[in-house]
$ cat upload06.cif   # mmCIF, C-alpha atoms
data_query
#
loop_
_atom_site.group_PDB
_atom_site.id
_atom_site.type_symbol
_atom_site.label_atom_id
_atom_site.label_comp_id
_atom_site.auth_asym_id
_atom_site.auth_seq_id
_atom_site.Cartn_x
_atom_site.Cartn_y
_atom_site.Cartn_z
ATOM 1 C CA MET O 1 89.791 108.523 76.082
ATOM 2 C CA GLU O 2 92.246 108.911 73.237
ATOM 3 C CA ARG O 3 95.885 109.146 74.241
ATOM 4 C CA ILE O 4 98.884 110.066 72.139
ATOM 5 C CA ARG O 5 102.418 108.763 72.527
ATOM 6 C CA VAL O 6 104.640 111.082 74.580
ATOM 7 C CA PRO O 7 108.238 110.947 75.867
ATOM 8 C CA TYR O 8 108.636 109.069 79.151
ATOM 9 C CA ASP O 9 109.552 112.328 80.925
ATOM 10 C CA HIS O 10 106.362 114.111 79.815
ATOM 11 C CA ARG O 11 105.027 115.986 82.884
ATOM 12 C CA LEU O 12 107.505 114.066 85.036
ATOM 13 C CA GLY O 13 107.404 116.632 87.843
ATOM 14 C CA ARG O 14 103.622 116.230 88.059
ATOM 15 C CA THR O 15 103.919 112.423 88.066
ATOM 16 C CA LEU O 16 106.446 112.513 90.904
ATOM 17 C CA ALA O 17 104.302 114.922 92.930
ATOM 18 C CA LEU O 18 101.305 112.602 92.558
ATOM 19 C CA LEU O 19 103.449 109.585 93.485
ATOM 20 C CA VAL O 20 103.954 111.218 96.882
ATOM 21 C CA ASN O 21 100.319 112.303 97.271
ATOM 22 C CA PRO O 22 97.918 110.595 96.674
ATOM 23 C CA GLY O 23 99.926 107.858 94.868
ATOM 24 C CA LEU O 24 99.913 106.314 91.408
ATOM 25 C CA LEU O 25 97.929 103.297 90.260
ATOM 26 C CA LEU O 26 99.812 100.183 89.172
ATOM 27 C CA VAL O 27 97.831 97.684 87.099
ATOM 28 C CA SER O 28 99.038 94.263 86.069
ATOM 29 C CA THR O 29 97.229 91.708 83.960
ATOM 30 C CA LYS O 30 97.792 87.965 84.110
ATOM 31 C CA ARG O 31 98.217 86.000 80.901
ATOM 32 C CA SER O 32 94.652 84.734 81.540
ATOM 33 C CA GLY O 33 93.366 88.322 81.119
ATOM 34 C CA GLU O 34 92.495 88.977 84.787
ATOM 35 C CA SER O 35 93.723 92.362 86.069
ATOM 36 C CA ASN O 36 94.333 93.934 89.456
ATOM 37 C CA VAL O 37 95.159 97.463 90.593
ATOM 38 C CA MET O 38 97.048 98.807 93.601
ATOM 39 C CA THR O 39 98.167 102.217 94.782
ATOM 40 C CA ILE O 40 101.915 102.795 94.934
ATOM 41 C CA GLY O 41 103.763 105.546 96.732
ATOM 42 C CA TRP O 42 107.320 104.217 96.540
ATOM 43 C CA ALA O 43 108.893 104.133 93.089
ATOM 44 C CA THR O 44 111.303 105.950 90.842
ATOM 45 C CA ILE O 45 111.590 106.881 87.177
ATOM 46 C CA GLY O 46 114.837 107.257 85.290
ATOM 47 C CA VAL O 47 117.184 105.644 82.819
ATOM 48 C CA LEU O 48 118.698 102.195 83.377
ATOM 49 C CA TRP O 49 120.768 100.224 80.891
ATOM 50 C CA GLY O 50 120.147 102.944 78.312
ATOM 51 C CA LYS O 51 116.358 102.565 78.543
ATOM 52 C CA PRO O 52 113.678 104.661 80.246
ATOM 53 C CA ALA O 53 112.608 102.748 83.336
ATOM 54 C CA PHE O 54 110.024 102.763 86.071
ATOM 55 C CA VAL O 55 111.073 100.936 89.246
ATOM 56 C CA ALA O 56 108.063 99.926 91.323
ATOM 57 C CA LEU O 57 108.221 98.418 94.814
ATOM 58 C CA VAL O 58 105.668 95.699 95.556
ATOM 59 C CA ARG O 59 105.461 93.753 98.813
ATOM 60 C CA PRO O 60 105.104 89.940 98.680
ATOM 61 C CA SER O 61 101.816 90.194 100.574
ATOM 62 C CA ARG O 62 100.203 92.255 97.795
ATOM 63 C CA TYR O 63 97.814 90.455 95.469
ATOM 64 C CA THR O 64 99.146 92.410 92.495
ATOM 65 C CA ARG O 65 102.553 90.763 92.888
ATOM 66 C CA GLU O 66 101.263 87.454 91.522
ATOM 67 C CA PHE O 67 99.951 89.293 88.447
ATOM 68 C CA ILE O 68 103.357 90.863 87.728
ATOM 69 C CA GLU O 69 105.090 87.543 88.348
ATOM 70 C CA ASP O 70 102.732 85.824 85.902
ATOM 71 C CA SER O 71 102.953 88.262 82.996
ATOM 72 C CA GLY O 72 106.061 90.382 83.567
ATOM 73 C CA LEU O 73 104.030 93.434 82.554
ATOM 74 C CA PHE O 74 102.440 96.405 84.292
ATOM 75 C CA THR O 75 101.124 99.882 83.648
ATOM 76 C CA ILE O 76 101.579 102.931 85.818
ATOM 77 C CA ASN O 77 98.507 105.142 85.677
ATOM 78 C CA VAL O 78 98.696 108.776 86.744
ATOM 79 C CA PRO O 79 95.405 109.803 88.372
ATOM 80 C CA THR O 80 93.531 113.089 88.265
ATOM 81 C CA GLU O 81 92.649 115.116 91.356
ATOM 82 C CA GLU O 82 89.065 113.849 91.032
ATOM 83 C CA MET O 83 90.311 110.272 91.457
ATOM 84 C CA ARG O 84 91.644 110.671 95.013
ATOM 85 C CA GLN O 85 88.906 108.522 96.534
ATOM 86 C CA ALA O 86 89.589 105.701 94.045
ATOM 87 C CA VAL O 87 93.342 105.943 94.721
ATOM 88 C CA ARG O 88 92.678 105.645 98.477
ATOM 89 C CA LEU O 89 90.388 102.654 97.907
ATOM 90 C CA CYS O 90 92.990 100.886 95.748
ATOM 91 C CA GLY O 91 95.580 101.363 98.486
ATOM 92 C CA ALA O 92 93.356 100.299 101.366
ATOM 93 C CA ARG O 93 91.584 97.218 99.998
ATOM 94 C CA SER O 94 92.818 93.969 98.498
ATOM 95 C CA GLY O 95 91.775 92.708 95.112
ATOM 96 C CA ARG O 96 91.529 89.265 96.699
ATOM 97 C CA GLU O 97 88.253 90.354 98.340
ATOM 98 C CA LEU O 98 87.035 93.225 96.179
ATOM 99 C CA ASP O 99 86.842 94.171 92.518
ATOM 100 C CA LYS O 100 88.580 97.510 92.957
ATOM 101 C CA PHE O 101 87.891 98.573 89.378
ATOM 102 C CA ALA O 102 84.133 98.305 89.959
ATOM 103 C CA ALA O 103 84.261 99.745 93.482
ATOM 104 C CA GLY O 104 86.413 102.688 92.364
ATOM 105 C CA LYS O 105 84.354 103.251 89.198
ATOM 106 C CA LEU O 106 87.472 102.675 87.083
ATOM 107 C CA SER O 107 87.238 101.396 83.523
ATOM 108 C CA ILE O 108 90.123 99.664 81.808
ATOM 109 C CA THR O 109 91.305 98.860 78.316
ATOM 110 C CA MET O 110 94.356 96.919 77.217
ATOM 111 C CA GLY O 111 97.559 98.895 76.785
ATOM 112 C CA GLN O 112 98.626 99.957 73.325
ATOM 113 C CA THR O 113 102.049 98.231 73.418
ATOM 114 C CA VAL O 114 101.815 95.733 76.306
ATOM 115 C CA LYS O 115 99.185 93.181 77.317
ATOM 116 C CA ALA O 116 98.437 94.882 80.613
ATOM 117 C CA ALA O 117 95.346 96.953 81.306
ATOM 118 C CA ALA O 118 95.412 100.742 81.586
ATOM 119 C CA ILE O 119 92.888 102.864 83.490
ATOM 120 C CA ASP O 120 90.794 104.909 81.068
ATOM 121 C CA GLU O 121 90.232 107.802 83.496
ATOM 122 C CA CYS O 122 93.976 108.452 83.923
ATOM 123 C CA PRO O 123 95.422 111.113 81.622
ATOM 124 C CA LEU O 124 98.927 109.589 81.535
ATOM 125 C CA VAL O 125 99.951 105.929 81.373
ATOM 126 C CA TYR O 126 103.381 104.305 81.355
ATOM 127 C CA GLU O 127 103.401 100.843 79.739
ATOM 128 C CA CYS O 128 106.155 98.697 81.234
ATOM 129 C CA ARG O 129 107.856 95.357 80.682
ATOM 130 C CA VAL O 130 109.842 93.851 83.571
ATOM 131 C CA VAL O 131 113.507 93.590 82.594
ATOM 132 C CA HIS O 132 114.877 92.818 86.073
ATOM 133 C CA PHE O 133 113.770 92.376 89.644
ATOM 134 C CA ASN O 134 115.449 92.018 92.988
ATOM 135 C CA ASP O 135 114.377 91.811 96.592
ATOM 136 C CA VAL O 136 115.242 94.248 99.360
ATOM 137 C CA ILE O 137 118.103 92.804 101.423
ATOM 138 C CA PRO O 138 117.484 93.706 105.076
ATOM 139 C CA ALA O 139 121.163 93.348 106.047
ATOM 140 C CA ASN O 140 122.083 96.016 103.477
ATOM 141 C CA MET O 141 119.473 98.520 104.650
ATOM 142 C CA ASP O 142 119.946 101.474 106.972
ATOM 143 C CA PRO O 143 118.517 100.280 110.321
ATOM 144 C CA THR O 144 116.327 103.365 110.757
ATOM 145 C CA VAL O 145 114.761 102.841 107.312
ATOM 146 C CA GLU O 146 114.269 99.122 108.026
ATOM 147 C CA ALA O 147 112.587 99.829 111.355
ATOM 148 C CA ALA O 148 110.292 102.501 109.917
ATOM 149 C CA ALA O 149 109.350 100.704 106.688
ATOM 150 C CA TYR O 150 109.498 96.997 107.510
ATOM 151 C CA ALA O 151 109.959 96.164 111.205
ATOM 152 C CA GLY O 152 111.386 92.807 110.196
ATOM 153 C CA SER O 153 108.942 91.571 107.571
ATOM 154 C CA ASP O 154 107.219 91.927 104.168
ATOM 155 C CA TYR O 155 110.243 93.304 102.297
ATOM 156 C CA HIS O 156 109.523 94.712 98.861
ATOM 157 C CA ARG O 157 110.490 93.262 95.518
ATOM 158 C CA LEU O 158 111.716 95.955 93.133
ATOM 159 C CA TYR O 159 110.419 95.518 89.591
ATOM 160 C CA TYR O 160 112.524 97.305 87.006
ATOM 161 C CA GLY O 161 110.108 98.016 84.198
ATOM 162 C CA GLU O 162 111.374 99.238 80.867
ATOM 163 C CA ILE O 163 108.967 101.990 79.864
ATOM 164 C CA VAL O 164 108.054 100.566 76.477
ATOM 165 C CA ALA O 165 105.823 103.571 75.793
ATOM 166 C CA ALA O 166 104.048 106.431 77.545
ATOM 167 C CA PHE O 167 100.689 107.783 76.432
ATOM 168 C CA ALA O 168 98.920 110.984 77.481
ATOM 169 C CA GLU O 169 95.519 112.475 76.857
ATOM 170 C CA ARG O 170 95.707 115.321 74.365
ATOM 171 C CA GLY O 171 96.353 118.562 76.220
ATOM 172 C CA TYR O 172 97.764 116.873 79.340
#

$ encode --input "upload06.cif" --output "structure tokens"
Amino acid sequence: MERIRVPYDHRLGRTLALLVNPGLLLVSTKRSGESNVMTIGWATIGVLWGKPAFVALVRPSRYTREFIEDSGLFTINVPTEEMRQAVRLCGARSGRELDKFAAGKLSITMGQTVKAAAIDECPLVYECRVVHFNDVIPANMDPTVEAAAYAGSDYHRLYYGEIVAAFAERGY
């Protein structure tokens, strides 16, 4: 699929709606070339330090975290309605035990500006470079949020990704 460069806020309302349901697909590629994909439902897009940014939350238990830590790169892939089953699979299974690209019938090619894979079937891709990260601090969190989201363990790391470029399928 050919994609053209678009502003980071291209179809932003649609991206945010899909983040909530069914989720977006985060892909990271290690320097060795191995890639993994996971579904994310907690993130935000905006401007930080004068740059467009995508902040993605990834738990330490997630296999994808080691990929981001290795390369400092990731892509955010906005799925189509027809991809709901693949999005569910990528959120329910671990790449430690399953090739989720094969199981979800997802093909990948390297990003146009970063060395992280992008999912060919997705009409919109954000290519990101980690410029900062920090871990959730339980003591600073509202107790009701902590209880509902963490119950005392597996606190997210927030990856602040500069959106180096965004690419969309023509007509999207």

$ resolve_selection --input "upload06.cif" --expression "the PyMOL selection byres ((chain O and resi 138-143) around 12)" --output "PDB file with C-alpha atoms, keeping the file's coordinate frame"
ATOM      1  CA  ASP O 135     114.377  91.811  96.592  1.00  0.00           C
ATOM      2  CA  VAL O 136     115.242  94.248  99.360  1.00  0.00           C
ATOM      3  CA  ILE O 137     118.103  92.804 101.423  1.00  0.00           C
ATOM      4  CA  THR O 144     116.327 103.365 110.757  1.00  0.00           C
ATOM      5  CA  VAL O 145     114.761 102.841 107.312  1.00  0.00           C
ATOM      6  CA  GLU O 146     114.269  99.122 108.026  1.00  0.00           C
ATOM      7  CA  ALA O 147     112.587  99.829 111.355  1.00  0.00           C
ATOM      8  CA  ALA O 148     110.292 102.501 109.917  1.00  0.00           C
ATOM      9  CA  ALA O 149     109.350 100.704 106.688  1.00  0.00           C
ATOM     10  CA  TYR O 150     109.498  96.997 107.510  1.00  0.00           C
ATOM     11  CA  ALA O 151     109.959  96.164 111.205  1.00  0.00           C
ATOM     12  CA  GLY O 152     111.386  92.807 110.196  1.00  0.00           C
ATOM     13  CA  SER O 153     108.942  91.571 107.571  1.00  0.00           C
ATOM     14  CA  ASP O 154     107.219  91.927 104.168  1.00  0.00           C
ATOM     15  CA  TYR O 155     110.243  93.304 102.297  1.00  0.00           C
ATOM     16  CA  HIS O 156     109.523  94.712  98.861  1.00  0.00           C
ATOM     17  CA  ARG O 157     110.490  93.262  95.518  1.00  0.00           C
TER      18      ARG O 157
END

$ residues_around --input "upload06.cif" --residues "region 164-171 of chain O" --least-positions-apart "6" --cutoff "6 Å" --atoms "all atoms listed in the file" --output "PyMOL selection string"
chain O and resi 3-6+8+123-128

$ closest_residue --input "upload06.cif" --among "O:Arg62, O:Lys51, O:Gly72, O:Ala56" --to "Pro7 (chain O)" --atoms "all atoms listed in the file"
O:Lys51

$ resolve_selection --input "upload06.cif" --expression "the PyMOL selection byres ((chain O and resi 100) around 9)" --output "number ranges by chain"
O: 36-38, 86, 89-90, 93-95, 97-99, 101-106

$ atom_distance --input "upload06.cif" --atom1 "CA of Met110 (chain O)" --atom2 "CA of Ser35 (chain O)"
10.0 Å

$ closest_residue --input "upload06.cif" --among "O:Ser71, O:Asn77, O:Ser107, O:Thr113" --to "Gly33 (chain O)" --atoms "all atoms listed in the file"
O:Ser71

$ atom_distance --input "upload06.cif" --atom1 "CA of Gln112 (chain O)" --atom2 "CA of Pro60 (chain O)"
28.0 Å

$ resolve_selection --input "upload06.cif" --expression "the PyMOL selection byres ((chain O and resi 160) around 12)" --output "PyMOL selection string"
chain O and resi 43-49+51-58+68+72-74+128-135+157-159+161-164

$ atom_distance --input "upload06.cif" --atom1 "CA of His10 (chain O)" --atom2 "CA of Arg88 (chain O)"
24.6 Å

$ closest_residue --input "upload06.cif" --among "O:Asn21, O:Tyr63, O:Met83, O:Lys115" --to "Ile40 (chain O)" --atoms "all atoms listed in the file"
O:Asn21

$ closest_residue --input "upload06.cif" --among "O:Gly111, O:Val87, O:Pro79, O:Ala116" --to "Ser32 (chain O)" --atoms "all atoms listed in the file"
O:Ala116

$ residues_around --input "upload06.cif" --residues "Asp70 (chain O)" --least-positions-apart "3" --cutoff "9 Å" --atoms "all atoms listed in the file" --output "list in words"
Thr29, Lys30, Arg31, Arg65, Glu66, Phe67 and Leu73 of chain O

$ write_last_selection --input "upload06.cif" --atoms "C-alpha atoms" --output "mmCIF file, in the frame of the given file"
data_model
loop_
_atom_site.group_PDB
_atom_site.id
_atom_site.type_symbol
_atom_site.label_atom_id
_atom_site.label_comp_id
_atom_site.auth_asym_id
_atom_site.auth_seq_id
_atom_site.Cartn_x
_atom_site.Cartn_y
_atom_site.Cartn_z
ATOM 1 C CA THR O 29 97.229 91.708 83.960
ATOM 2 C CA LYS O 30 97.792 87.965 84.110
ATOM 3 C CA ARG O 31 98.217 86.000 80.901
ATOM 4 C CA ARG O 65 102.553 90.763 92.888
ATOM 5 C CA GLU O 66 101.263 87.454 91.522
ATOM 6 C CA PHE O 67 99.951 89.293 88.447
ATOM 7 C CA LEU O 73 104.030 93.434 82.554
#

$ closest_residue --input "upload06.cif" --among "O:Thr80, O:Thr39, O:Thr15, O:Ser61" --to "Val27 (chain O)" --atoms "only C-alpha atoms"
O:Thr39
